[in-house]
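*Asks:* Data file coords02.cif (mmCIF, C-alpha atoms and all ligand atoms) is appended below.
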data_target
loop_
_atom_site.group_PDB
_atom_site.id
_atom_site.type_symbol
_atom_site.label_atom_id
_atom_site.label_comp_id
_atom_site.auth_asym_id
_atom_site.auth_seq_id
_atom_site.Cartn_x
_atom_site.Cartn_y
_atom_site.Cartn_z
ATOM 1 C CA MET A 1 94.126 118.791 104.291
ATOM 2 C CA LEU A 2 95.267 122.361 104.827
ATOM 3 C CA TRP A 3 97.676 123.763 102.225
ATOM 4 C CA PRO A 4 100.768 124.767 104.246
ATOM 5 C CA ALA A 5 100.819 128.247 105.745
ATOM 6 C CA PRO A 6 104.295 129.646 104.951
ATOM 7 C CA ARG A 7 106.482 130.591 107.901
ATOM 8 C CA ASP A 8 108.488 133.208 106.022
ATOM 9 C CA ALA A 9 108.729 135.056 102.724
ATOM 10 C CA GLU A 10 111.157 132.537 101.213
ATOM 11 C CA GLU A 11 108.782 129.650 101.870
ATOM 12 C CA ALA A 12 105.866 131.703 100.524
ATOM 13 C CA GLY A 13 107.868 132.366 97.354
ATOM 14 C CA LEU A 14 108.602 128.663 96.918
ATOM 15 C CA LEU A 15 105.003 127.646 97.594
ATOM 16 C CA ALA A 16 103.807 130.157 95.011
ATOM 17 C CA GLN A 17 105.881 128.381 92.360
ATOM 18 C CA ILE A 18 104.215 125.013 92.987
ATOM 19 C CA ASP A 19 101.504 123.867 90.606
ATOM 20 C CA ALA A 20 99.161 122.026 92.974
ATOM 21 C CA ALA A 21 97.607 120.164 90.056
ATOM 22 C CA ARG A 22 100.915 118.561 89.038
ATOM 23 C CA LEU A 23 102.370 117.401 92.316
ATOM 24 C CA PRO A 24 104.460 114.218 92.233
ATOM 25 C CA GLY A 25 102.091 111.543 93.528
ATOM 26 C CA HIS A 26 104.845 109.525 95.173
ATOM 27 C CA VAL A 27 108.071 110.964 96.570
ATOM 28 C CA ALA A 28 110.797 108.589 97.780
ATOM 29 C CA ILE A 29 113.758 109.782 99.840
ATOM 30 C CA ILE A 30 117.195 108.326 100.529
ATOM 31 C CA MET A 31 117.978 110.041 103.828
ATOM 32 C CA ASP A 32 121.758 110.310 104.019
ATOM 33 C CA GLY A 33 124.363 112.308 105.900
ATOM 34 C CA ASN A 34 123.333 111.974 109.541
ATOM 35 C CA GLY A 35 126.824 110.798 110.466
ATOM 36 C CA ARG A 36 128.619 113.565 108.565
ATOM 37 C CA TRP A 37 126.268 116.170 110.025
ATOM 38 C CA ALA A 38 127.269 114.971 113.511
ATOM 39 C CA ARG A 39 130.994 114.769 112.689
ATOM 40 C CA GLN A 40 130.931 118.336 111.384
ATOM 41 C CA ARG A 41 129.695 119.399 114.824
ATOM 42 C CA ARG A 42 132.021 117.047 116.745
ATOM 43 C CA LEU A 43 128.974 115.189 118.037
ATOM 44 C CA PRO A 44 128.418 111.430 118.294
ATOM 45 C CA ARG A 45 126.700 109.788 115.308
ATOM 46 C CA ALA A 46 123.656 109.212 117.530
ATOM 47 C CA ALA A 47 123.136 112.977 117.658
ATOM 48 C CA GLY A 48 122.980 113.014 113.857
ATOM 49 C CA HIS A 49 120.305 110.332 113.796
ATOM 50 C CA ARG A 50 118.342 112.133 116.504
ATOM 51 C CA ALA A 51 118.510 115.359 114.522
ATOM 52 C CA GLY A 52 117.471 113.341 111.457
ATOM 53 C CA THR A 53 114.154 112.443 113.091
ATOM 54 C CA ARG A 54 113.290 116.167 113.175
ATOM 55 C CA SER A 55 113.615 116.239 109.395
ATOM 56 C CA VAL A 56 111.540 113.054 109.177
ATOM 57 C CA ARG A 57 108.776 114.703 111.191
ATOM 58 C CA GLU A 58 108.832 117.907 109.145
ATOM 59 C CA VAL A 59 108.875 116.184 105.763
ATOM 60 C CA ILE A 60 106.015 113.833 106.689
ATOM 61 C CA GLU A 61 103.807 116.616 107.990
ATOM 62 C CA TYR A 62 104.569 118.892 105.062
ATOM 63 C CA SER A 63 104.003 116.148 102.484
ATOM 64 C CA ALA A 64 100.639 115.426 104.089
ATOM 65 C CA ARG A 65 99.687 119.083 103.939
ATOM 66 C CA LEU A 66 100.742 119.444 100.327
ATOM 67 C CA GLY A 67 98.448 116.531 99.538
ATOM 68 C CA LEU A 68 101.056 114.078 98.225
ATOM 69 C CA HIS A 69 99.628 110.613 97.815
ATOM 70 C CA ALA A 70 102.703 108.702 99.028
ATOM 71 C CA LEU A 71 106.032 109.281 100.748
ATOM 72 C CA THR A 72 108.611 106.512 101.132
ATOM 73 C CA LEU A 73 111.618 106.910 103.421
ATOM 74 C CA TYR A 74 114.713 104.672 103.341
ATOM 75 C CA ALA A 75 115.474 104.344 107.050
ATOM 76 C CA PHE A 76 117.493 101.104 107.359
ATOM 77 C CA SER A 77 119.010 99.097 104.526
ATOM 78 C CA MET A 78 119.986 95.435 104.728
ATOM 79 C CA GLU A 79 123.580 96.661 104.425
ATOM 80 C CA ASN A 80 123.092 98.772 107.591
ATOM 81 C CA TRP A 81 123.426 95.587 109.697
ATOM 82 C CA LYS A 82 127.191 96.082 109.154
ATOM 83 C CA ARG A 83 127.049 99.106 111.475
ATOM 84 C CA PRO A 84 128.171 98.648 115.086
ATOM 85 C CA LYS A 85 125.516 97.088 117.330
ATOM 86 C CA PRO A 86 125.149 100.174 119.570
ATOM 87 C CA GLU A 87 124.356 102.331 116.523
ATOM 88 C CA ARG A 88 121.785 99.814 115.264
ATOM 89 C CA GLU A 89 120.171 99.634 118.665
ATOM 90 C CA MET A 90 120.085 103.402 118.823
ATOM 91 C CA LEU A 91 118.240 103.476 115.485
ATOM 92 C CA TRP A 92 115.660 100.951 116.761
ATOM 93 C CA LYS A 93 115.199 103.043 119.865
ATOM 94 C CA LEU A 94 114.664 106.182 117.791
ATOM 95 C CA LEU A 95 112.138 104.407 115.625
ATOM 96 C CA HIS A 96 110.316 103.125 118.722
ATOM 97 C CA GLN A 97 110.233 106.622 120.228
ATOM 98 C CA TYR A 98 109.172 108.118 116.937
ATOM 99 C CA LEU A 99 106.279 105.713 116.430
ATOM 100 C CA LYS A 100 105.101 106.226 120.005
ATOM 101 C CA LYS A 101 105.501 109.988 120.159
ATOM 102 C CA GLU A 102 104.433 110.849 116.647
ATOM 103 C CA LEU A 103 101.350 108.683 116.424
ATOM 104 C CA PRO A 104 98.990 111.527 117.414
ATOM 105 C CA ALA A 105 100.605 113.724 114.724
ATOM 106 C CA LEU A 106 100.191 110.945 112.148
ATOM 107 C CA GLN A 107 96.521 110.665 113.114
ATOM 108 C CA ARG A 108 96.023 114.439 113.077
ATOM 109 C CA ASN A 109 97.530 114.611 109.596
ATOM 110 C CA ASN A 110 95.465 111.623 108.356
ATOM 111 C CA VAL A 111 98.670 109.670 107.550
ATOM 112 C CA ARG A 112 98.514 105.913 106.941
ATOM 113 C CA PHE A 113 101.691 104.120 108.011
ATOM 114 C CA GLN A 114 103.256 101.001 106.533
ATOM 115 C CA ALA A 115 106.723 99.464 106.436
ATOM 116 C CA ILE A 116 108.517 97.474 103.734
ATOM 117 C CA GLY A 117 111.543 95.206 103.881
ATOM 118 C CA ARG A 118 112.329 91.836 105.433
ATOM 119 C CA LEU A 119 110.407 92.905 108.518
ATOM 120 C CA HIS A 120 110.402 89.422 110.073
ATOM 121 C CA GLU A 121 114.195 89.765 110.604
ATOM 122 C CA LEU A 122 113.815 92.936 112.680
ATOM 123 C CA PRO A 123 113.938 92.872 116.501
ATOM 124 C CA VAL A 124 110.546 91.650 117.762
ATOM 125 C CA LEU A 125 109.859 94.892 119.612
ATOM 126 C CA VAL A 126 110.322 96.865 116.407
ATOM 127 C CA GLN A 127 107.996 94.446 114.628
ATOM 128 C CA ALA A 128 105.412 95.053 117.355
ATOM 129 C CA ASP A 129 105.795 98.851 117.016
ATOM 130 C CA ILE A 130 105.269 98.575 113.282
ATOM 131 C CA ALA A 131 102.237 96.316 113.619
ATOM 132 C CA SER A 132 100.565 98.655 116.079
ATOM 133 C CA ALA A 133 101.274 101.806 114.012
ATOM 134 C CA VAL A 134 99.922 100.057 110.909
ATOM 135 C CA ALA A 135 96.769 98.970 112.760
ATOM 136 C CA LEU A 136 96.157 102.323 114.421
ATOM 137 C CA THR A 137 96.533 104.345 111.212
ATOM 138 C CA ALA A 138 94.809 101.824 108.909
ATOM 139 C CA GLY A 139 91.669 103.950 108.608
ATOM 140 C CA ASN A 140 93.496 107.128 107.562
ATOM 141 C CA THR A 141 92.932 108.269 104.011
ATOM 142 C CA GLY A 142 95.633 110.909 103.462
ATOM 143 C CA LEU A 143 99.357 110.469 102.857
ATOM 144 C CA LEU A 144 100.543 106.852 102.620
ATOM 145 C CA LEU A 145 103.821 106.850 104.560
ATOM 146 C CA THR A 146 106.081 103.882 103.878
ATOM 147 C CA VAL A 147 109.254 103.369 105.873
ATOM 148 C CA ALA A 148 111.807 100.986 104.362
ATOM 149 C CA LEU A 149 113.409 98.925 107.144
ATOM 150 C CA ASN A 150 115.831 96.061 106.604
ATOM 151 C CA TYR A 151 115.135 96.834 102.971
ATOM 152 C CA GLY A 152 117.182 95.925 99.910
ATOM 153 C CA ALA A 153 115.817 96.170 96.373
ATOM 154 C CA ARG A 154 117.584 93.024 95.145
ATOM 155 C CA ALA A 155 116.218 91.076 98.116
ATOM 156 C CA GLU A 156 112.768 92.474 97.297
ATOM 157 C CA LEU A 157 113.058 91.132 93.736
ATOM 158 C CA VAL A 158 114.275 87.751 95.001
ATOM 159 C CA ASP A 159 111.296 87.626 97.388
ATOM 160 C CA ALA A 160 108.921 88.579 94.574
ATOM 161 C CA PHE A 161 110.233 85.861 92.247
ATOM 162 C CA ASN A 162 110.045 83.277 95.031
ATOM 163 C CA ALA A 163 106.473 84.324 95.829
ATOM 164 C CA ILE A 164 105.586 83.759 92.172
ATOM 165 C CA LEU A 165 107.313 80.363 92.136
ATOM 166 C CA ASP A 166 105.541 79.305 95.350
ATOM 167 C CA ARG A 167 102.221 79.998 93.719
ATOM 168 C CA VAL A 168 103.163 78.081 90.597
ATOM 169 C CA ASP A 169 104.399 75.114 92.636
ATOM 170 C CA GLY A 170 101.079 75.138 94.464
ATOM 171 C CA ASN A 171 99.392 74.827 91.083
ATOM 172 C CA GLY A 172 101.317 71.692 90.134
ATOM 173 C CA GLY A 173 104.819 72.530 88.995
ATOM 174 C CA MET A 174 106.556 75.061 86.778
ATOM 175 C CA GLY A 175 105.421 73.838 83.383
ATOM 176 C CA GLY A 176 104.715 76.689 81.004
ATOM 177 C CA LEU A 177 105.511 79.456 83.516
ATOM 178 C CA ARG A 178 106.013 82.883 81.952
ATOM 179 C CA VAL A 179 106.744 85.835 84.200
ATOM 180 C CA ASP A 180 105.584 89.254 83.070
ATOM 181 C CA GLU A 181 106.027 92.768 84.440
ATOM 182 C CA GLU A 182 102.592 92.901 86.030
ATOM 183 C CA MET A 183 103.251 89.646 87.895
ATOM 184 C CA ILE A 184 106.521 91.014 89.274
ATOM 185 C CA ARG A 185 104.966 94.360 90.220
ATOM 186 C CA ALA A 186 102.137 92.617 92.048
ATOM 187 C CA ASN A 187 104.613 90.640 94.159
ATOM 188 C CA LEU A 188 106.875 93.497 95.236
ATOM 189 C CA TYR A 189 106.661 94.840 98.800
ATOM 190 C CA THR A 190 105.348 98.046 97.198
ATOM 191 C CA GLN A 191 102.365 96.370 95.522
ATOM 192 C CA SER A 192 100.009 98.924 97.128
ATOM 193 C CA LEU A 193 102.045 101.895 95.871
ATOM 194 C CA PRO A 194 102.390 103.637 92.525
ATOM 195 C CA ASP A 195 106.016 103.966 91.318
ATOM 196 C CA PRO A 196 107.863 106.993 92.720
ATOM 197 C CA ASP A 197 107.687 110.077 90.501
ATOM 198 C CA LEU A 198 110.468 111.830 92.352
ATOM 199 C CA LEU A 199 113.477 110.315 94.132
ATOM 200 C CA ILE A 200 115.342 112.649 96.476
ATOM 201 C CA ARG A 201 118.790 111.881 97.879
ATOM 202 C CA THR A 202 120.527 114.023 100.473
ATOM 203 C CA SER A 203 124.236 114.545 101.214
ATOM 204 C CA GLY A 204 125.342 114.696 97.586
ATOM 205 C CA GLU A 205 125.995 111.037 96.833
ATOM 206 C CA LEU A 206 125.109 110.062 93.251
ATOM 207 C CA ARG A 207 123.959 106.517 93.967
ATOM 208 C CA VAL A 208 120.644 104.695 94.351
ATOM 209 C CA SER A 209 122.035 102.318 96.995
ATOM 210 C CA ASN A 210 119.811 99.314 96.308
ATOM 211 C CA PHE A 211 116.615 101.334 96.859
ATOM 212 C CA LEU A 212 113.442 100.567 94.868
ATOM 213 C CA LEU A 213 115.435 99.506 91.800
ATOM 214 C CA TRP A 214 112.412 98.231 89.896
ATOM 215 C CA GLN A 215 110.109 101.069 90.917
ATOM 216 C CA ILE A 216 112.388 104.021 90.063
ATOM 217 C CA ALA A 217 112.693 103.064 86.381
ATOM 218 C CA TYR A 218 111.204 106.426 85.315
ATOM 219 C CA ALA A 219 111.562 108.474 88.513
ATOM 220 C CA GLU A 220 113.048 111.948 88.315
ATOM 221 C CA ILE A 221 116.124 112.066 90.534
ATOM 222 C CA TRP A 222 116.924 115.128 92.636
ATOM 223 C CA VAL A 223 120.130 115.247 94.680
ATOM 224 C CA THR A 224 121.078 117.879 97.231
ATOM 225 C CA GLY A 225 124.374 118.268 99.065
ATOM 226 C CA THR A 226 122.424 119.084 102.236
ATOM 227 C CA TYR A 227 122.838 116.532 105.021
ATOM 228 C CA TRP A 228 119.577 114.884 106.077
ATOM 229 C CA PRO A 229 119.318 116.609 109.500
ATOM 230 C CA ASP A 230 119.406 119.987 107.689
ATOM 231 C CA PHE A 231 116.812 118.965 105.099
ATOM 232 C CA ASN A 232 113.587 120.871 105.603
ATOM 233 C CA ARG A 233 110.328 121.953 103.951
ATOM 234 C CA LYS A 234 112.149 124.405 101.682
ATOM 235 C CA HIS A 235 114.332 121.683 100.211
ATOM 236 C CA LEU A 236 111.242 119.557 99.604
ATOM 237 C CA LEU A 237 109.537 122.484 97.862
ATOM 238 C CA GLN A 238 112.633 123.144 95.736
ATOM 239 C CA ALA A 239 112.754 119.485 94.709
ATOM 240 C CA ILE A 240 109.089 119.620 93.664
ATOM 241 C CA ILE A 241 109.612 122.885 91.748
ATOM 242 C CA ASP A 242 112.544 121.358 89.841
ATOM 243 C CA TYR A 243 110.508 118.203 89.220
ATOM 244 C CA GLN A 244 107.689 120.281 87.751
ATOM 245 C CA LYS A 245 110.115 121.968 85.356
ATOM 246 C CA ARG A 246 111.231 118.658 83.912
ATOM 247 C CA GLU A 247 109.560 117.010 80.986
ATOM 248 C CA ARG A 248 108.845 113.351 81.604
ATOM 249 C CA ARG A 249 109.035 111.375 78.390
ATOM 250 C CA TYR A 250 109.089 107.725 79.532
ATOM 251 C CA GLY A 251 111.295 106.922 76.547
ATOM 252 C CA GLY A 252 109.010 108.651 74.028
ATOM 253 C CA LEU A 253 109.496 111.879 72.119
ATOM 254 C CA SER A 254 109.352 115.312 73.691
ATOM 255 C CA TYR A 255 106.113 117.196 73.039
ATOM 256 C CA ARG A 256 107.996 119.532 70.720
ATOM 257 C CA ASP A 257 109.539 116.732 68.638
ATOM 258 C CA ALA A 258 106.258 114.806 68.529
ATOM 259 C CA ALA A 259 104.492 117.870 67.068
ATOM 260 C CA GLN A 260 106.911 118.098 64.123
HETATM 261 C C1 LIG B 301 121.863 107.917 106.883
HETATM 262 O O1 LIG B 301 122.885 108.642 107.502
HETATM 263 C C2 LIG B 301 120.760 107.653 107.787
HETATM 264 C C3 LIG B 301 120.362 106.434 108.237
HETATM 265 C C4 LIG B 301 121.039 105.174 107.866
HETATM 266 C C5 LIG B 301 119.266 106.265 109.167
HETATM 267 C C6 LIG B 301 118.079 107.143 108.948
HETATM 268 C C7 LIG B 301 117.320 107.229 110.208
HETATM 269 C C8 LIG B 301 116.752 108.349 110.696
HETATM 270 C C9 LIG B 301 116.707 109.616 109.996
HETATM 271 C C10 LIG B 301 116.138 108.346 112.044
HETATM 272 C C11 LIG B 301 114.991 107.454 112.329
HETATM 273 C C12 LIG B 301 114.039 107.225 111.246
HETATM 274 C C13 LIG B 301 112.685 107.299 111.339
HETATM 275 C C14 LIG B 301 111.855 106.916 110.163
HETATM 276 C C15 LIG B 301 112.007 107.800 112.529
HETATM 277 P P1 LIG B 301 124.313 107.980 107.666
HETATM 278 O O2 LIG B 301 124.443 107.500 109.073
HETATM 279 O O3 LIG B 301 124.526 106.964 106.613
HETATM 280 O O4 LIG B 301 125.223 109.248 107.429
HETATM 281 P P2 LIG B 301 126.739 109.261 106.889
HETATM 282 O O5 LIG B 301 126.704 108.659 105.508
HETATM 283 O O6 LIG B 301 127.071 110.710 106.884
HETATM 284 O O7 LIG B 301 127.552 108.465 107.869
#
Show how you would write the structure in this file as C-alpha cells.
*Replies:*
Amino acid sequence: MLWPAPRDAEEAGLLAQIDAARLPGHVAIIMDGNGRWARQRRLPRAAGHRAGTRSVREVIEYSARLGLHALTLYAFSMENWKRPKPEREMLWKLLHQYLKKELPALQRNNVRFQAIGRLHELPVLVQADIASAVALTAGNTGLLLTVALNYGARAELVDAFNAILDRVDGNGGMGGLRVDEEMIRANLYTQSLPDPDLLIRTSGELRVSNFLLWQIAYAEIWVTGTYWPDFNRKHLLQAIIDYQKRERRYGGLSYRDAAQ
C-alpha cells in the first residue's frame, strides 16, 4: 500500500512525526456529533449524517494507506433504535449507498469488510448489503474494516456467554464449567480482531457508550471536540502522534521505574 502523499505542508509535517514501525494495529472510532454539526449550520440532521460519510470514506482510505491492520467504526448502537424512524431509515439508506458506491474504493485499497452487532435484527436489505460486501471483499489482505451496527458491548458479552453455555449444554450439561478470559474472547463478535490500541471519540464527550467494553481494557483513549463530519486525515494523524508519545504499561511499571 502506498504511504499517503501529503496534500499540504501541515499534513506533511504531521506525517513526518509518525513512526511507521509503531503504528497502532487497531484503531476504533466512536463517530459522534453529526447532529450537532448539522444544527450548527441550521441543516437537518440527515445532512450531518451525509457529511459524516465523507469522513468515513477519508478515514478508511487513509487508514488503509498508512497500513493499519484494523479499523472499527461505531455506526449504529442498539440504543440508536430510540431515534425517530425517518432518521433510522436515512442511516440505512446511507449505509446502502455507501456499500454500493464505495465498493470499488474498498477493493482498490485492498480493504476487507465485516460487520459486528446483532446483525440478524437489522432490516433484511441491510443484511443483504453486508453479506455481499463481506463476500466481495473476502479476498482482500489489507485493512480489516469492521462496522458496528446494532451493536452494544453488554449485548455482545451476553451473546458470548450464551454461546459458551450452548456448547456446554451440547456436551451434556453444565457440570464443572469454568469460564476463562480466552473462552470469552473467542466468543465475542470481534474474535477475528486484536484488541484496539487506540480508541478515538469525536465531539468531546468523555464516555465509551457501550462500545467494545471488554476489548478496550488497555486501549489509549483520544478525544477531540471536533464533530465527526469535520474529522479528517489530520485529526487521525494527530491521534496517532499522541498515541505514539504515550507509554503503554498494561498495569506494569514504567520503563524508567523498572530500571531502578
Ligand atoms: C453520531 O452522531 C453518528 C451516528 C449515530 C451515525 C454514524 C453514521 C455515519 C457517519 C454515516 C454512515 C456510516 C457508514 C459506516 C457509511 P449523532 O447523530 O449522535 O450526533 P449528535 O450527538 O450531535 O446528535
*Asks:* Can you work out which residues are within 6 Å of ligand LIG 301 (chain B), considering all atoms listed in the file, and then hand them over as a PyMOL selection string?
*Replies:* chain A and resi 31-36+49+52-53+75-76+94-95+98
*Asks:* Every residue with an atom at most 6 Å from (113.7, 93.1, 102.5) (file coordinates; only C-alpha atoms) is what I'm after, so could you write them as number ranges by chain?
*Replies:* A: 117-118, 150-152, 155-156
*Asks:* Store the residues picked out above in a file with C-alpha atoms, as a PDB file, in the frame of the given file.
*Replies:*
ATOM      1  CA  GLY A 117     111.543  95.206 103.881  1.00  0.00           C
ATOM      2  CA  ARG A 118     112.329  91.836 105.433  1.00  0.00           C
ATOM      3  CA  ASN A 150     115.831  96.061 106.604  1.00  0.00           C
ATOM      4  CA  TYR A 151     115.135  96.834 102.971  1.00  0.00           C
ATOM      5  CA  GLY A 152     117.182  95.925  99.910  1.00  0.00           C
ATOM      6  CA  ALA A 155     116.218  91.076  98.116  1.00  0.00           C
ATOM      7  CA  GLU A 156     112.768  92.474  97.297  1.00  0.00           C
TER       8      GLU A 156
END
*Asks:* Considering all atoms listed in the file, return as a PyMOL selection string whatever protein or nucleic-acid residues lie within 8 Å of A:Thr224, sequence-local ones (same chain, fewer than 6 positions apart) excluded.
*Replies:* chain A and resi 200-204
*Asks:* Can you work out which one of A:Gly13, A:Pro123, A:Gly142, A:Pro4 has the shortest atom-to-atom distance to A:Leu91, counting all atoms listed in the file?
*Replies:*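 Closest to A:Leu91 of all the choices is A:Pro123.
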*Asks:* Would you kindly translate the PyMOL selection byres (((chain A and resi 45) around 12) and not hetatm) into the concrete residues it picks from this file, as a list in words?
*Replies:*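 The output of the PyMOL selection byres (((chain A and resi 45) around 12) and not hetatm) on this file is Gly33, Asn34, Gly35, Arg36, Trp37, Ala38, Arg39, Gln40, Arg41, Arg42, Leu43, Pro44, Ala46, Ala47, Gly48, His49, Arg50, Ala51, Gly52, Arg83, Pro84, Pro86, Glu87, Arg88, Met90, Leu91 and Pro229 of chain A.
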*Asks:* Residues within 7 Å of stretch 67-70 of chain A, please, as a PDB file with C-alpha atoms, keeping the file's coordinate frame. Count all atoms listed in the file; anything in the same chain fewer than 2 positions from it doesn't count.
*Replies:*
ATOM      1  CA  MET A   1      94.126 118.791 104.291  1.00  0.00           C
ATOM      2  CA  LEU A  23     102.370 117.401  92.316  1.00  0.00           C
ATOM      3  CA  PRO A  24     104.460 114.218  92.233  1.00  0.00           C
ATOM      4  CA  GLY A  25     102.091 111.543  93.528  1.00  0.00           C
ATOM      5  CA  HIS A  26     104.845 109.525  95.173  1.00  0.00           C
ATOM      6  CA  VAL A  27     108.071 110.964  96.570  1.00  0.00           C
ATOM      7  CA  SER A  63     104.003 116.148 102.484  1.00  0.00           C
ATOM      8  CA  ALA A  64     100.639 115.426 104.089  1.00  0.00           C
ATOM      9  CA  ARG A  65      99.687 119.083 103.939  1.00  0.00           C
ATOM     10  CA  THR A  72     108.611 106.512 101.132  1.00  0.00           C
ATOM     11  CA  GLY A 142      95.633 110.909 103.462  1.00  0.00           C
ATOM     12  CA  LEU A 143      99.357 110.469 102.857  1.00  0.00           C
ATOM     13  CA  LEU A 144     100.543 106.852 102.620  1.00  0.00           C
ATOM     14  CA  LEU A 145     103.821 106.850 104.560  1.00  0.00           C
TER      15      LEU A 145
END
*Asks:* Mind checking which residues fall within 6 Å of A:Ala153, counting only C-alpha atoms, ignoring those fewer than 6 positions away in the same chain, and posting them as a PyMOL selection string?
*Replies:* chain A and resi 210-213
*Asks:* Compare A:Val134, A:Met78, A:Leu199, A:Leu14 by their minimum atom-to-atom distance to A:Leu122, counting all atoms listed in the file, and give me the closest one.
*Replies:*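 Closest residue, counting all atoms listed in the file: A:Met78.
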*Asks:* Kindly indicate which residue among A:Asn187, A:Gln114, A:Ser132, A:Gln244 lies nearest to A:Leu149, using only C-alpha atoms for the distances.
*Replies:*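 Nearest candidate to A:Leu149 out of A:Asn187, A:Gln114, A:Ser132, A:Gln244: A:Gln114.
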*Asks:* Given the file shown, determine the residues that the PyMOL selection byres (((chain A and resi 5) around 12) and not hetatm) selects; report them as JSON, numbers by chain.
*Replies:* {"A": [1, 2, 3, 4, 6, 7, 8, 9, 11, 12, 13, 14, 15, 16, 62, 65, 66, 233]}
*Asks:* Can you list, as an NGL selection string, the residues that the PyMOL selection byres (((chain A and resi 138) around 9) and not hetatm) selects here?
*Replies:* :A and (111-114 or 133-137 or 139-141)
*Asks:* Quick one: stretch 186-201 of chain A from the block, N, CA, C and O atoms, as a PDB file, in the first residue's frame.
*Replies:*
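Contents of decode_11.pdb, as written:
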ATOM      1  N   ALA A 186     -12.818 -15.588  22.648  1.00  0.00           N
ATOM      2  CA  ALA A 186     -13.067 -16.385  21.445  1.00  0.00           C
ATOM      3  C   ALA A 186     -14.538 -16.401  21.047  1.00  0.00           C
ATOM      4  O   ALA A 186     -14.879 -16.837  19.953  1.00  0.00           O
ATOM      5  N   ASN A 187     -15.414 -15.934  21.941  1.00  0.00           N
ATOM      6  CA  ASN A 187     -16.842 -15.931  21.625  1.00  0.00           C
ATOM      7  C   ASN A 187     -17.411 -14.527  21.416  1.00  0.00           C
ATOM      8  O   ASN A 187     -18.618 -14.353  21.264  1.00  0.00           O
ATOM      9  N   LEU A 188     -16.543 -13.524  21.434  1.00  0.00           N
ATOM     10  CA  LEU A 188     -17.002 -12.164  21.149  1.00  0.00           C
ATOM     11  C   LEU A 188     -17.192 -12.000  19.636  1.00  0.00           C
ATOM     12  O   LEU A 188     -16.629 -12.759  18.847  1.00  0.00           O
ATOM     13  N   TYR A 189     -17.970 -10.978  19.250  1.00  0.00           N
ATOM     14  CA  TYR A 189     -18.137 -10.725  17.803  1.00  0.00           C
ATOM     15  C   TYR A 189     -16.781 -10.417  17.165  1.00  0.00           C
ATOM     16  O   TYR A 189     -16.592 -10.568  15.977  1.00  0.00           O
ATOM     17  N   THR A 190     -15.856  -9.899  17.989  1.00  0.00           N
ATOM     18  CA  THR A 190     -14.560  -9.430  17.483  1.00  0.00           C
ATOM     19  C   THR A 190     -13.495 -10.521  17.530  1.00  0.00           C
ATOM     20  O   THR A 190     -12.308 -10.206  17.558  1.00  0.00           O
ATOM     21  N   GLN A 191     -13.926 -11.783  17.543  1.00  0.00           N
ATOM     22  CA  GLN A 191     -12.948 -12.873  17.722  1.00  0.00           C
ATOM     23  C   GLN A 191     -11.827 -12.844  16.684  1.00  0.00           C
ATOM     24  O   GLN A 191     -10.737 -13.342  16.937  1.00  0.00           O
ATOM     25  N   SER A 192     -12.082 -12.238  15.503  1.00  0.00           N
ATOM     26  CA  SER A 192     -11.040 -12.222  14.468  1.00  0.00           C
ATOM     27  C   SER A 192     -10.145 -10.986  14.577  1.00  0.00           C
ATOM     28  O   SER A 192      -9.276 -10.778  13.737  1.00  0.00           O
ATOM     29  N   LEU A 193     -10.381 -10.169  15.610  1.00  0.00           N
ATOM     30  CA  LEU A 193      -9.656  -8.891  15.708  1.00  0.00           C
ATOM     31  C   LEU A 193      -8.779  -8.843  16.961  1.00  0.00           C
ATOM     32  O   LEU A 193      -9.187  -9.325  18.015  1.00  0.00           O
ATOM     33  N   PRO A 194      -7.601  -8.198  16.847  1.00  0.00           N
ATOM     34  CA  PRO A 194      -6.868  -7.903  18.076  1.00  0.00           C
ATOM     35  C   PRO A 194      -7.607  -6.791  18.827  1.00  0.00           C
ATOM     36  O   PRO A 194      -8.423  -6.077  18.230  1.00  0.00           O
ATOM     37  N   ASP A 195      -7.344  -6.616  20.121  1.00  0.00           N
ATOM     38  CA  ASP A 195      -7.979  -5.516  20.865  1.00  0.00           C
ATOM     39  C   ASP A 195      -7.536  -4.170  20.284  1.00  0.00           C
ATOM     40  O   ASP A 195      -6.411  -4.045  19.810  1.00  0.00           O
ATOM     41  N   PRO A 196      -8.412  -3.157  20.353  1.00  0.00           N
ATOM     42  CA  PRO A 196      -7.994  -1.837  19.861  1.00  0.00           C
ATOM     43  C   PRO A 196      -6.820  -1.293  20.686  1.00  0.00           C
ATOM     44  O   PRO A 196      -6.782  -1.435  21.899  1.00  0.00           O
ATOM     45  N   ASP A 197      -5.868  -0.688  19.985  1.00  0.00           N
ATOM     46  CA  ASP A 197      -4.763   0.000  20.671  1.00  0.00           C
ATOM     47  C   ASP A 197      -5.167   1.432  20.963  1.00  0.00           C
ATOM     48  O   ASP A 197      -4.745   2.018  21.947  1.00  0.00           O
ATOM     49  N   LEU A 198      -5.957   1.985  20.074  1.00  0.00           N
ATOM     50  CA  LEU A 198      -6.319   3.400  20.163  1.00  0.00           C
ATOM     51  C   LEU A 198      -7.825   3.544  19.942  1.00  0.00           C
ATOM     52  O   LEU A 198      -8.362   3.043  18.952  1.00  0.00           O
ATOM     53  N   LEU A 199      -8.483   4.214  20.889  1.00  0.00           N
ATOM     54  CA  LEU A 199      -9.921   4.490  20.758  1.00  0.00           C
ATOM     55  C   LEU A 199     -10.091   6.000  20.601  1.00  0.00           C
ATOM     56  O   LEU A 199      -9.680   6.774  21.467  1.00  0.00           O
ATOM     57  N   ILE A 200     -10.687   6.391  19.491  1.00  0.00           N
ATOM     58  CA  ILE A 200     -10.906   7.813  19.207  1.00  0.00           C
ATOM     59  C   ILE A 200     -12.388   8.121  19.398  1.00  0.00           C
ATOM     60  O   ILE A 200     -13.252   7.343  18.974  1.00  0.00           O
ATOM     61  N   ARG A 201     -12.689   9.242  20.055  1.00  0.00           N
ATOM     62  CA  ARG A 201     -14.085   9.684  20.124  1.00  0.00           C
ATOM     63  C   ARG A 201     -14.154  11.142  19.684  1.00  0.00           C
ATOM     64  O   ARG A 201     -13.377  11.974  20.143  1.00  0.00           O
TER      65      ARG A 201
END
